[in-house]
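S.K.: Here you go, entry_25.tsv (TSV, C-alpha atoms):
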chain	number	residue	atom	x	y	z
A	1	MET	CA	-39.05	-8.72	17.94
A	2	ALA	CA	-42.74	-8.44	18.85
A	3	ASN	CA	-43.73	-7.08	15.43
A	4	VAL	CA	-41.41	-9.25	13.34
A	5	GLU	CA	-42.98	-12.00	11.22
A	6	ILE	CA	-41.00	-15.25	10.98
A	7	GLY	CA	-40.73	-17.34	7.82
A	8	TYR	CA	-38.79	-20.28	6.41
A	9	THR	CA	-36.26	-20.62	3.59
A	10	LEU	CA	-36.77	-23.26	0.92
A	11	ALA	CA	-33.18	-23.71	-0.28
A	12	CYS	CA	-33.34	-25.10	-3.81
A	13	GLU	CA	-29.57	-25.56	-3.78
A	14	GLU	CA	-29.77	-28.22	-1.04
A	15	HIS	CA	-33.04	-30.06	-1.70
A	16	GLY	CA	-34.75	-31.75	-4.63
A	17	PRO	CA	-38.19	-30.66	-5.84
A	18	ARG	CA	-40.26	-33.27	-3.99
A	19	GLN	CA	-38.42	-32.56	-0.74
A	20	LEU	CA	-38.95	-28.83	-1.17
A	21	VAL	CA	-42.70	-29.36	-1.52
A	22	ALA	CA	-42.67	-31.54	1.59
A	23	ASN	CA	-40.61	-28.92	3.48
A	24	ALA	CA	-43.11	-26.21	2.52
A	25	ARG	CA	-45.98	-28.32	3.81
A	26	ARG	CA	-44.08	-29.00	7.02
A	27	ALA	CA	-43.29	-25.30	7.44
A	28	GLU	CA	-47.00	-24.52	7.24
A	29	GLU	CA	-47.72	-27.20	9.86
A	30	ALA	CA	-44.99	-25.77	12.12
A	31	GLY	CA	-46.67	-22.37	12.09
A	32	PHE	CA	-44.54	-20.37	9.70
A	33	SER	CA	-46.66	-17.74	7.96
A	34	PHE	CA	-44.48	-17.44	4.88
A	35	ALA	CA	-41.58	-19.00	3.02
A	36	MET	CA	-39.07	-17.75	0.47
A	37	ILE	CA	-37.72	-20.06	-2.22
A	38	SER	CA	-34.41	-19.52	-4.00
A	39	ASP	CA	-34.22	-19.41	-7.81
A	40	HIS	CA	-30.89	-20.62	-9.17
A	41	PHE	CA	-29.71	-22.46	-12.27
A	42	HIS	CA	-26.70	-23.82	-10.33
A	43	PRO	CA	-26.07	-24.48	-6.64
A	44	TRP	CA	-23.27	-22.50	-5.04
A	45	THR	CA	-21.18	-25.67	-4.63
A	46	SER	CA	-21.52	-29.15	-6.07
A	47	ARG	CA	-21.87	-30.57	-2.54
A	48	GLN	CA	-25.21	-28.80	-2.20
A	49	GLY	CA	-26.27	-30.93	-5.12
A	50	ASN	CA	-29.57	-29.46	-6.37
A	51	SER	CA	-31.14	-26.62	-8.31
A	52	PRO	CA	-34.60	-27.51	-9.64
A	53	PHE	CA	-36.66	-25.19	-11.83
A	54	VAL	CA	-38.35	-23.04	-9.24
A	55	TRP	CA	-41.61	-22.44	-11.11
A	56	GLY	CA	-42.35	-26.16	-11.28
A	57	VAL	CA	-41.70	-26.44	-7.54
A	58	ILE	CA	-43.98	-23.47	-6.86
A	59	GLY	CA	-46.83	-25.31	-8.60
A	60	GLY	CA	-46.35	-28.27	-6.28
A	61	ILE	CA	-46.29	-26.00	-3.22
A	62	ALA	CA	-49.42	-24.20	-4.37
A	63	ALA	CA	-51.27	-27.53	-4.56
A	64	SER	CA	-49.90	-28.80	-1.23
A	65	THR	CA	-50.41	-25.81	1.07
A	66	GLU	CA	-53.41	-23.72	2.09
A	67	ARG	CA	-52.15	-20.80	4.19
A	68	LEU	CA	-48.42	-20.44	3.58
A	69	CYS	CA	-47.44	-17.28	1.70
A	70	LEU	CA	-44.61	-17.90	-0.76
A	71	GLY	CA	-42.10	-15.59	-2.39
A	72	THR	CA	-39.16	-16.08	-4.70
A	73	GLY	CA	-35.97	-15.19	-2.87
A	74	VAL	CA	-35.02	-14.08	-5.48
A	75	THR	CA	-35.64	-14.34	-9.23
A	76	CYS	CA	-33.47	-12.47	-11.72
A	77	PRO	CA	-35.79	-11.29	-14.55
A	78	THR	CA	-33.11	-9.72	-16.71
A	79	VAL	CA	-30.61	-12.08	-18.40
A	80	ARG	CA	-31.37	-15.81	-18.23
A	81	LEU	CA	-35.12	-15.16	-18.04
A	82	HIS	CA	-36.81	-12.42	-20.06
A	83	PRO	CA	-39.08	-10.23	-17.90
A	84	ALA	CA	-42.12	-11.13	-20.03
A	85	ILE	CA	-41.59	-14.80	-19.17
A	86	VAL	CA	-41.16	-14.02	-15.47
A	87	ALA	CA	-44.33	-11.89	-15.58
A	88	HIS	CA	-46.18	-14.84	-17.13
A	89	ALA	CA	-44.86	-17.31	-14.53
A	90	ALA	CA	-45.53	-14.98	-11.60
A	91	ALA	CA	-49.06	-14.22	-12.76
A	92	THR	CA	-49.85	-17.94	-12.94
A	93	ALA	CA	-48.30	-18.55	-9.51
A	94	ALA	CA	-50.32	-15.70	-8.03
A	95	ALA	CA	-53.49	-17.05	-9.64
A	96	MET	CA	-52.81	-20.46	-8.08
A	97	MET	CA	-52.11	-18.93	-4.66
A	98	PRO	CA	-54.60	-16.05	-4.32
A	99	GLY	CA	-53.24	-13.42	-1.98
A	100	ARG	CA	-50.25	-15.48	-0.93
A	101	PHE	CA	-47.59	-15.13	-3.63
A	102	LEU	CA	-44.77	-12.57	-3.66
A	103	LEU	CA	-42.28	-11.98	-6.46
A	104	GLY	CA	-38.81	-11.27	-5.12
A	105	VAL	CA	-36.42	-9.98	-7.78
A	106	GLY	CA	-32.77	-8.97	-7.96
A	107	THR	CA	-29.92	-8.25	-10.33
A	108	GLY	CA	-28.65	-11.82	-10.14
A	109	GLU	CA	-25.30	-13.57	-10.00
A	110	HIS	CA	-22.90	-14.54	-12.76
A	111	LEU	CA	-23.20	-18.12	-11.47
A	112	ASN	CA	-26.74	-18.44	-12.83
A	113	GLU	CA	-27.14	-15.80	-15.49
A	114	HIS	CA	-24.25	-16.56	-17.87
A	115	VAL	CA	-25.52	-20.00	-18.90
A	116	LEU	CA	-27.01	-18.88	-22.24
A	117	GLY	CA	-23.75	-17.23	-23.27
A	118	ASP	CA	-24.98	-13.70	-22.77
A	119	ARG	CA	-22.69	-10.94	-21.56
A	120	TRP	CA	-22.63	-10.41	-17.78
A	121	PRO	CA	-23.12	-6.66	-17.48
A	122	PRO	CA	-21.63	-4.45	-14.76
A	123	ALA	CA	-23.73	-3.69	-11.69
A	124	GLY	CA	-25.00	-0.31	-12.87
A	125	VAL	CA	-26.30	-1.76	-16.13
A	126	ARG	CA	-27.92	-4.66	-14.28
A	127	ARG	CA	-29.78	-2.20	-12.05
A	128	ASP	CA	-31.04	-0.33	-15.13
A	129	MET	CA	-32.15	-3.66	-16.62
A	130	LEU	CA	-34.01	-4.55	-13.42
A	131	ARG	CA	-35.81	-1.20	-13.36
A	132	GLU	CA	-37.01	-1.69	-16.93
A	133	ALA	CA	-37.93	-5.32	-16.25
A	134	VAL	CA	-40.12	-4.45	-13.25
A	135	THR	CA	-41.87	-1.70	-15.25
A	136	LEU	CA	-42.55	-4.13	-18.09
A	137	MET	CA	-43.85	-6.88	-15.80
A	138	ARG	CA	-46.28	-4.52	-14.10
A	139	GLU	CA	-47.52	-3.35	-17.48
A	140	LEU	CA	-48.18	-6.96	-18.51
A	141	TRP	CA	-50.05	-7.60	-15.25
A	142	GLY	CA	-52.40	-4.78	-16.24
A	143	GLY	CA	-54.07	-7.19	-18.64
A	144	GLY	CA	-53.87	-5.25	-21.88
A	145	GLU	CA	-51.82	-5.87	-25.00
A	146	VAL	CA	-48.30	-4.62	-24.46
A	147	GLU	CA	-45.89	-3.18	-26.98
A	148	HIS	CA	-42.54	-2.30	-25.49
A	149	GLU	CA	-39.26	-1.27	-27.06
A	150	GLY	CA	-36.89	-0.17	-24.34
A	151	ALA	CA	-33.18	0.12	-23.80
A	152	HIS	CA	-32.88	-3.57	-22.92
A	153	TYR	CA	-36.11	-5.41	-23.82
A	154	THR	CA	-38.59	-5.64	-26.68
A	155	VAL	CA	-42.10	-7.06	-26.44
A	156	GLU	CA	-44.56	-7.32	-29.33
A	157	ASN	CA	-48.32	-7.98	-29.09
A	158	ALA	CA	-47.96	-9.54	-25.64
A	159	ARG	CA	-50.97	-10.07	-23.40
A	160	LEU	CA	-51.33	-12.24	-20.30
A	161	TYR	CA	-54.73	-13.94	-20.21
A	162	THR	CA	-54.33	-15.79	-16.90
A	163	LEU	CA	-54.05	-13.14	-14.21
A	164	PRO	CA	-54.61	-13.01	-10.46
A	165	GLU	CA	-57.20	-10.64	-9.00
A	166	ARG	CA	-54.32	-8.47	-7.80
A	167	PRO	CA	-50.77	-8.38	-9.18
A	168	PRO	CA	-48.17	-9.90	-6.84
A	169	PRO	CA	-46.11	-7.50	-4.72
A	170	VAL	CA	-42.59	-7.05	-6.06
A	171	LEU	CA	-39.83	-7.28	-3.46
A	172	VAL	CA	-36.42	-6.03	-4.59
A	173	ALA	CA	-33.19	-7.52	-3.22
A	174	ALA	CA	-30.22	-5.34	-2.36
A	175	SER	CA	-26.77	-5.88	-0.88
A	176	GLY	CA	-25.37	-2.41	-1.54
A	177	PRO	CA	-26.52	1.21	-1.25
A	178	GLU	CA	-27.30	1.76	-4.96
A	179	ALA	CA	-29.46	-1.37	-5.06
A	180	ALA	CA	-31.19	-0.34	-1.83
A	181	GLN	CA	-31.96	3.01	-3.44
A	182	LEU	CA	-33.45	1.22	-6.44
A	183	ALA	CA	-35.49	-1.06	-4.17
A	184	GLY	CA	-37.02	1.97	-2.48
A	185	GLU	CA	-37.86	3.56	-5.81
A	186	ILE	CA	-39.44	0.58	-7.60
A	187	GLY	CA	-40.14	-2.10	-5.00
A	188	ASP	CA	-43.15	-2.98	-2.89
A	189	GLY	CA	-40.67	-4.31	-0.33
A	190	PHE	CA	-37.00	-5.06	0.35
A	191	VAL	CA	-35.00	-8.30	0.58
A	192	GLY	CA	-31.60	-8.50	2.27
A	193	THR	CA	-29.23	-11.04	3.77
A	194	ALA	CA	-27.34	-8.96	6.33
A	195	PRO	CA	-28.38	-6.91	9.38
A	196	GLU	CA	-27.13	-3.62	7.92
A	197	ARG	CA	-29.18	-0.68	9.12
A	198	GLU	CA	-27.63	1.60	6.47
A	199	LEU	CA	-29.28	-0.38	3.67
A	200	ILE	CA	-32.68	-0.23	5.33
A	201	GLU	CA	-32.32	3.53	5.84
A	202	ARG	CA	-31.35	3.98	2.17
A	203	PHE	CA	-34.38	1.92	1.13
A	204	GLU	CA	-36.71	3.92	3.35
A	205	SER	CA	-35.38	7.32	2.25
A	206	ALA	CA	-35.85	6.35	-1.42
A	207	GLY	CA	-39.55	5.60	-0.99
A	208	GLY	CA	-39.58	2.40	1.05
A	209	SER	CA	-40.92	3.87	4.26
A	210	ARG	CA	-43.59	1.61	5.80
A	211	LYS	CA	-42.97	-1.07	3.15
A	212	PRO	CA	-42.06	-4.61	4.33
A	213	ARG	CA	-38.40	-5.55	4.71
A	214	TYR	CA	-37.49	-9.24	4.40
A	215	GLY	CA	-34.21	-10.55	5.80
A	216	GLN	CA	-32.74	-14.02	5.34
A	217	VAL	CA	-31.11	-15.39	8.50
A	218	THR	CA	-28.92	-18.46	7.95
A	219	VAL	CA	-28.60	-20.88	10.89
A	220	CYS	CA	-27.62	-24.48	11.57
A	221	VAL	CA	-29.57	-25.98	14.43
A	222	ALA	CA	-27.72	-29.11	15.56
A	223	GLU	CA	-27.07	-31.30	18.61
A	224	THR	CA	-23.91	-29.37	19.49
A	225	GLU	CA	-22.27	-26.16	18.33
A	226	ALA	CA	-19.34	-28.13	16.92
A	227	GLU	CA	-21.69	-30.37	14.95
A	228	GLY	CA	-23.53	-27.32	13.62
A	229	ARG	CA	-20.30	-25.71	12.48
A	230	ARG	CA	-19.22	-28.94	10.78
A	231	ILE	CA	-22.52	-29.29	8.91
A	232	ALA	CA	-22.61	-25.64	7.91
A	233	HIS	CA	-19.01	-25.77	6.71
A	234	GLU	CA	-19.73	-28.86	4.62
A	235	TRP	CA	-22.96	-27.61	3.04
A	236	TRP	CA	-22.77	-23.81	3.04
A	237	PRO	CA	-19.13	-22.55	3.21
A	238	ASN	CA	-20.03	-19.74	0.80
A	239	VAL	CA	-21.65	-17.92	3.74
A	240	ALA	CA	-18.17	-16.78	4.78
A	241	LEU	CA	-17.06	-15.42	1.40
A	242	PRO	CA	-16.28	-11.70	1.48
A	243	GLY	CA	-17.31	-8.84	-0.77
A	244	GLU	CA	-18.73	-9.29	-4.25
A	245	LEU	CA	-17.44	-12.81	-4.97
A	246	GLY	CA	-21.01	-14.16	-4.83
A	247	GLN	CA	-21.97	-11.94	-7.77
A	248	VAL	CA	-18.97	-12.48	-10.04
A	249	LEU	CA	-17.83	-16.12	-9.83
A	250	PRO	CA	-19.33	-18.10	-12.74
A	251	LEU	CA	-19.13	-21.78	-11.68
A	252	PRO	CA	-19.73	-23.91	-8.58
A	253	ALA	CA	-16.13	-25.11	-8.99
A	254	HIS	CA	-14.96	-21.53	-8.50
A	255	PHE	CA	-16.94	-21.23	-5.27
A	256	GLU	CA	-15.36	-24.50	-4.13
A	257	GLN	CA	-11.90	-23.06	-4.87
A	258	ALA	CA	-12.75	-19.79	-3.13
A	259	THR	CA	-13.96	-21.59	0.00
A	260	GLN	CA	-11.01	-23.99	0.32
A	261	ASN	CA	-9.45	-21.77	2.98
A	262	VAL	CA	-12.72	-21.01	4.80
A	263	SER	CA	-12.56	-22.66	8.22
A	264	GLU	CA	-15.31	-24.13	10.36
A	265	GLN	CA	-14.59	-21.37	12.85
A	266	GLU	CA	-15.22	-18.67	10.23
A	267	VAL	CA	-18.52	-20.28	9.22
A	268	GLY	CA	-19.47	-20.52	12.89
A	269	GLU	CA	-18.77	-16.81	13.30
A	270	ALA	CA	-20.85	-15.93	10.24
A	271	ILE	CA	-24.00	-17.81	11.31
A	272	SER	CA	-25.46	-19.18	14.56
A	273	CYS	CA	-24.81	-22.91	14.94
A	274	GLY	CA	-25.88	-25.52	17.47
A	275	PRO	CA	-28.69	-25.90	20.04
A	276	ASP	CA	-28.32	-22.59	21.93
A	277	LEU	CA	-31.68	-20.80	21.81
A	278	GLU	CA	-30.21	-17.52	23.03
A	279	ARG	CA	-27.62	-17.39	20.28
A	280	HIS	CA	-30.24	-17.98	17.60
A	281	LEU	CA	-32.44	-15.32	19.18
A	282	GLU	CA	-29.54	-12.89	19.15
A	283	SER	CA	-29.11	-13.45	15.40
A	284	LEU	CA	-32.79	-12.68	14.86
A	285	ARG	CA	-32.61	-9.67	17.15
A	286	SER	CA	-29.74	-8.14	15.16
A	287	TYR	CA	-31.91	-8.18	12.02
A	288	ALA	CA	-34.93	-6.80	13.85
A	289	GLU	CA	-32.86	-3.97	15.30
A	290	ALA	CA	-31.53	-3.19	11.81
A	291	GLY	CA	-35.13	-2.57	10.72
A	292	TYR	CA	-36.35	-5.81	9.15
A	293	SER	CA	-40.06	-6.58	9.52
A	294	HIS	CA	-39.95	-10.18	8.18
A	295	LEU	CA	-37.21	-12.76	8.84
A	296	PHE	CA	-36.96	-16.06	6.95
A	297	LEU	CA	-34.75	-18.70	8.53
A	298	HIS	CA	-32.46	-20.84	6.42
A	299	GLN	CA	-31.54	-24.10	8.12
A	300	VAL	CA	-28.35	-25.41	6.51
A	301	GLY	CA	-27.99	-29.12	5.85
A	302	PRO	CA	-30.23	-32.14	5.38
A	303	ASP	CA	-31.77	-32.25	8.86
A	304	GLN	CA	-34.75	-29.97	8.42
A	305	GLU	CA	-36.94	-31.92	10.85
A	306	ARG	CA	-34.66	-31.10	13.77
A	307	PHE	CA	-35.00	-27.44	12.85
A	308	PHE	CA	-38.81	-27.64	12.61
A	309	ARG	CA	-39.02	-29.25	16.06
A	310	PHE	CA	-36.66	-26.63	17.49
A	311	TYR	CA	-38.84	-23.89	16.04
A	312	GLU	CA	-42.09	-25.40	17.33
A	313	GLN	CA	-40.86	-26.29	20.81
A	314	GLU	CA	-38.36	-23.54	21.63
A	315	LEU	CA	-37.99	-20.69	19.21
A	316	ALA	CA	-41.62	-19.85	18.36
A	317	PRO	CA	-42.79	-19.84	22.00
A	318	ARG	CA	-39.90	-17.59	23.00
A	319	ILE	CA	-40.57	-15.17	20.14
A	320	ALA	CA	-44.24	-15.09	21.10
A	321	ALA	CA	-43.29	-14.30	24.70
A	322	LEU	CA	-41.08	-11.45	23.55
Will you turn the file into structure tokens for me?
M.R.:
Amino acid sequence: MANVEIGYTLACEEHGPRQLVANARRAEEAGFSFAMISDHFHPWTSRQGNSPFVWGVIGGIAASTERLCLGTGVTCPTVRLHPAIVAHAAATAAAMMPGRFLLGVGTGEHLNEHVLGDRWPPAGVRRDMLREAVTLMRELWGGGEVEHEGAHYTVENARLYTLPERPPPVLVAASGPEAAQLAGEIGDGFVGTAPERELIERFESAGGSRKPRYGQVTVCVAETEAEGRRIAHEWWPNVALPGELGQVLPLPAHFEQATQNVSEQEVGEAISCGPDLERHLESLRSYAEAGYSHLFLHQVGPDQERFFRFYEQELAPRIAAL
């Protein structure tokens, strides 16, 4: 735990744009060194209630913070958004936040990427699309005029005039071995949501050795464990969904149907809930032992201030002592 950097999750599914900016500012005040912000067109469930356009929110965070590093966790630059547009947006964000913007990318979910009526490709095709997208974005960040006619994307006479001094690092998300392999081959870092050592090892063996590894740890700090389970079950029941459902279901209503039989107990087993410092530390430790170098904490539910106080008064001092 001594060498693990701790960050904060800005969950666009649960909070409106002004609140997200305020949460980022509060995270900086609380001592978090970085934050990751989700990029969805839809929330997972209608109860979560939000999904603002992430690039507008990033502009507000850039103007409201001074030290906080910020990454997208994660953007899909392949279907709903053309990689040339993501390259443009990321270059502007990096220019607004010199040295403190990261672009996290992934192959996406049907939930967000089908909205323009495009075909939702199988996983292997989506990985090929992501590889080409990352290559194209890096070429655009080089500053010259780009002509590209690839298997999936075409760009004509494209040049980005607003560029940061250095291109943003590209973190690649993975939840399976093939994606972890791809992340090692093309990424400047790794993003995951589970403490699975096998994925980290696949990433490292494919070229990711000594590159940063970011893991999202979902928690629900609350007055009691029962209250934490209740809040997490109300706001984030999708945490207990098995397998690939998160990638293939197309509507929030389908996630609501899929989680009808998810119990509070199952949610409580999937994430650490309540006031117990040791249990939250154990969750963090499992990710650190799996090989993650950066952990960003996602506090489920509206009460973010309780979480910030818990971090300042209990969690951060204990991590520092470790």
S.K.: Find the residues near Gly60 in chain A: any atom within 12 Å, counting all atoms listed in the file, skip ones fewer than 6 places away on the same chain, and give them as a list in words.
M.R.: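 The neighbour list is Pro17, Arg18, Gln19, Leu20, Val21, Ala22, Asn23, Ala24, Arg25, Phe53, Val54, Glu66, Leu70, Ala93, Met96 and Met97 of chain A.
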S.K.: Just the selected residues (C-alpha atoms), exported as a compact mmCIF listing (two decimals), in the coordinates of the input, please.
M.R.:
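Result saved to selection.txt:
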# COMPACT_ATOMS: atom_id res chain seq x y z
CA PRO A 17 -38.19 -30.66 -5.84
CA ARG A 18 -40.26 -33.27 -3.99
CA GLN A 19 -38.42 -32.56 -0.74
CA LEU A 20 -38.95 -28.83 -1.17
CA VAL A 21 -42.70 -29.36 -1.52
CA ALA A 22 -42.67 -31.54 1.59
CA ASN A 23 -40.61 -28.92 3.48
CA ALA A 24 -43.11 -26.21 2.52
CA ARG A 25 -45.98 -28.32 3.81
CA PHE A 53 -36.66 -25.19 -11.83
CA VAL A 54 -38.35 -23.04 -9.24
CA GLU A 66 -53.41 -23.72 2.09
CA LEU A 70 -44.61 -17.90 -0.76
CA ALA A 93 -48.30 -18.55 -9.51
CA MET A 96 -52.81 -20.46 -8.08
CA MET A 97 -52.11 -18.93 -4.66
S.K.: Set the distance at 10 Å and use all atoms listed in the file: which residues neighbour range 126-143 of chain A once local chain neighbours fewer than 5 positions away are removed? I'd like the list as a PyMOL selection string.
M.R.: chain A and resi 76-79+82-88+90-91+105-108+120-121+148-155+158-170+172+178-179+182-183+185-187
S.K.: I need the residue nearest Tyr214 in chain A from this list: A:Gly49, A:Pro302, A:Pro195, A:Pro242. Use all atoms listed in the file for the distance.
M.R.: A:Pro195
S.K.: Using only C-alpha atoms, which protein or nucleic acid residues come within 12 Å of Leu277 in chain A? Drop anything in the same chain fewer than 2 positions from it, and give the result as an MDAnalysis selection string.
M.R.: chainID A and resid 219:225 272:275 279:284 307 310:311 313:319
S.K.: Need the shell around Gly208 in chain A: protein/DNA/RNA residues with any atom at most 12 Å away, counting all atoms listed in the file. Skip same-chain ones fewer than 6 positions apart. Format as a list in words?
M.R.: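 Selected residues are Leu171, Val172, Ala180, Gln181, Leu182, Ala183, Gly184, Glu185, Ile186, Gly187, Asp188, Gly189, Phe190, Val191, Leu199, Ile200, Glu201, Arg202, Gly291 and Tyr292 of chain A.
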S.K.: Using all atoms listed in the file, which residue out of A:Trp235, A:Phe255, A:Tyr287, A:Phe32 lies closest to Gly301 in chain A?
M.R.: A:Trp235
S.K.: Please indicate the distance in Å from CA of Glu28 in chain A to CA of Arg210 in chain A, rounded to one decimal place.
M.R.: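 Computing the Euclidean distance for CA of Glu28 in chain A and CA of Arg210 in chain A yields 26.4 Å.
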S.K.: Rounded to one decimal in Å, what is the spacing between CA of Glu5 in chain A and CA of Glu266 in chain A?
M.R.: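 Atom-to-atom, CA of Glu5 in chain A and CA of Glu266 in chain A are spaced 28.6 Å apart.
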S.K.: Between CA of Ala258 in chain A and CA of Ala270 in chain A, measure the distance and give it in Å to one decimal.
M.R.: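 Calculated distance between CA of Ala258 in chain A and CA of Ala270 in chain A is 16.1 Å.
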S.K.: For Asn112 in chain A, which residue among A:Glu13, A:Glu312, A:Glu278, A:Glu147 is the nearest when counting all atoms listed in the file?
M.R.: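 Counting all atoms listed in the file, the residue closest to Asn112 in chain A is A:Glu13.
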S.K.: From the options A:Ala232, A:Val217, A:Leu245, A:Val146, which residue's atoms come nearest to Ser286 in chain A, counting only C-alpha atoms?
M.R.: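 Ranked by minimum distance to Ser286 in chain A, first place goes to A:Val217.
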S.K.: Around all the atoms of range 13-27 of chain A listed in the file, with 4 Å of room on each side, what axis-aligned box do you get, giving centre and edge lengths in Å to one decimal, as AutoDock Vina command-line options?
M.R.:
--center_x -37.8 --center_y -29.3 --center_z 0.8 --size_x 24.4 --size_y 16.0 --size_z 21.3
S.K.: Could you pull the residues within 10 Å of Val115 in chain A, counting only C-alpha atoms, minus those fewer than 6 positions along the same chain, as a PDB file with C-alpha atoms, keeping the file's coordinate frame?
M.R.:
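What landed in result18.pdb:
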ATOM      1  CA  PHE A  41     -29.710 -22.460 -12.270  1.00  0.00           C
ATOM      2  CA  HIS A  42     -26.700 -23.820 -10.330  1.00  0.00           C
ATOM      3  CA  VAL A  79     -30.610 -12.080 -18.400  1.00  0.00           C
ATOM      4  CA  ARG A  80     -31.370 -15.810 -18.230  1.00  0.00           C
ATOM      5  CA  PRO A 250     -19.330 -18.100 -12.740  1.00  0.00           C
ATOM      6  CA  LEU A 251     -19.130 -21.780 -11.680  1.00  0.00           C
TER       7      LEU A 251
END
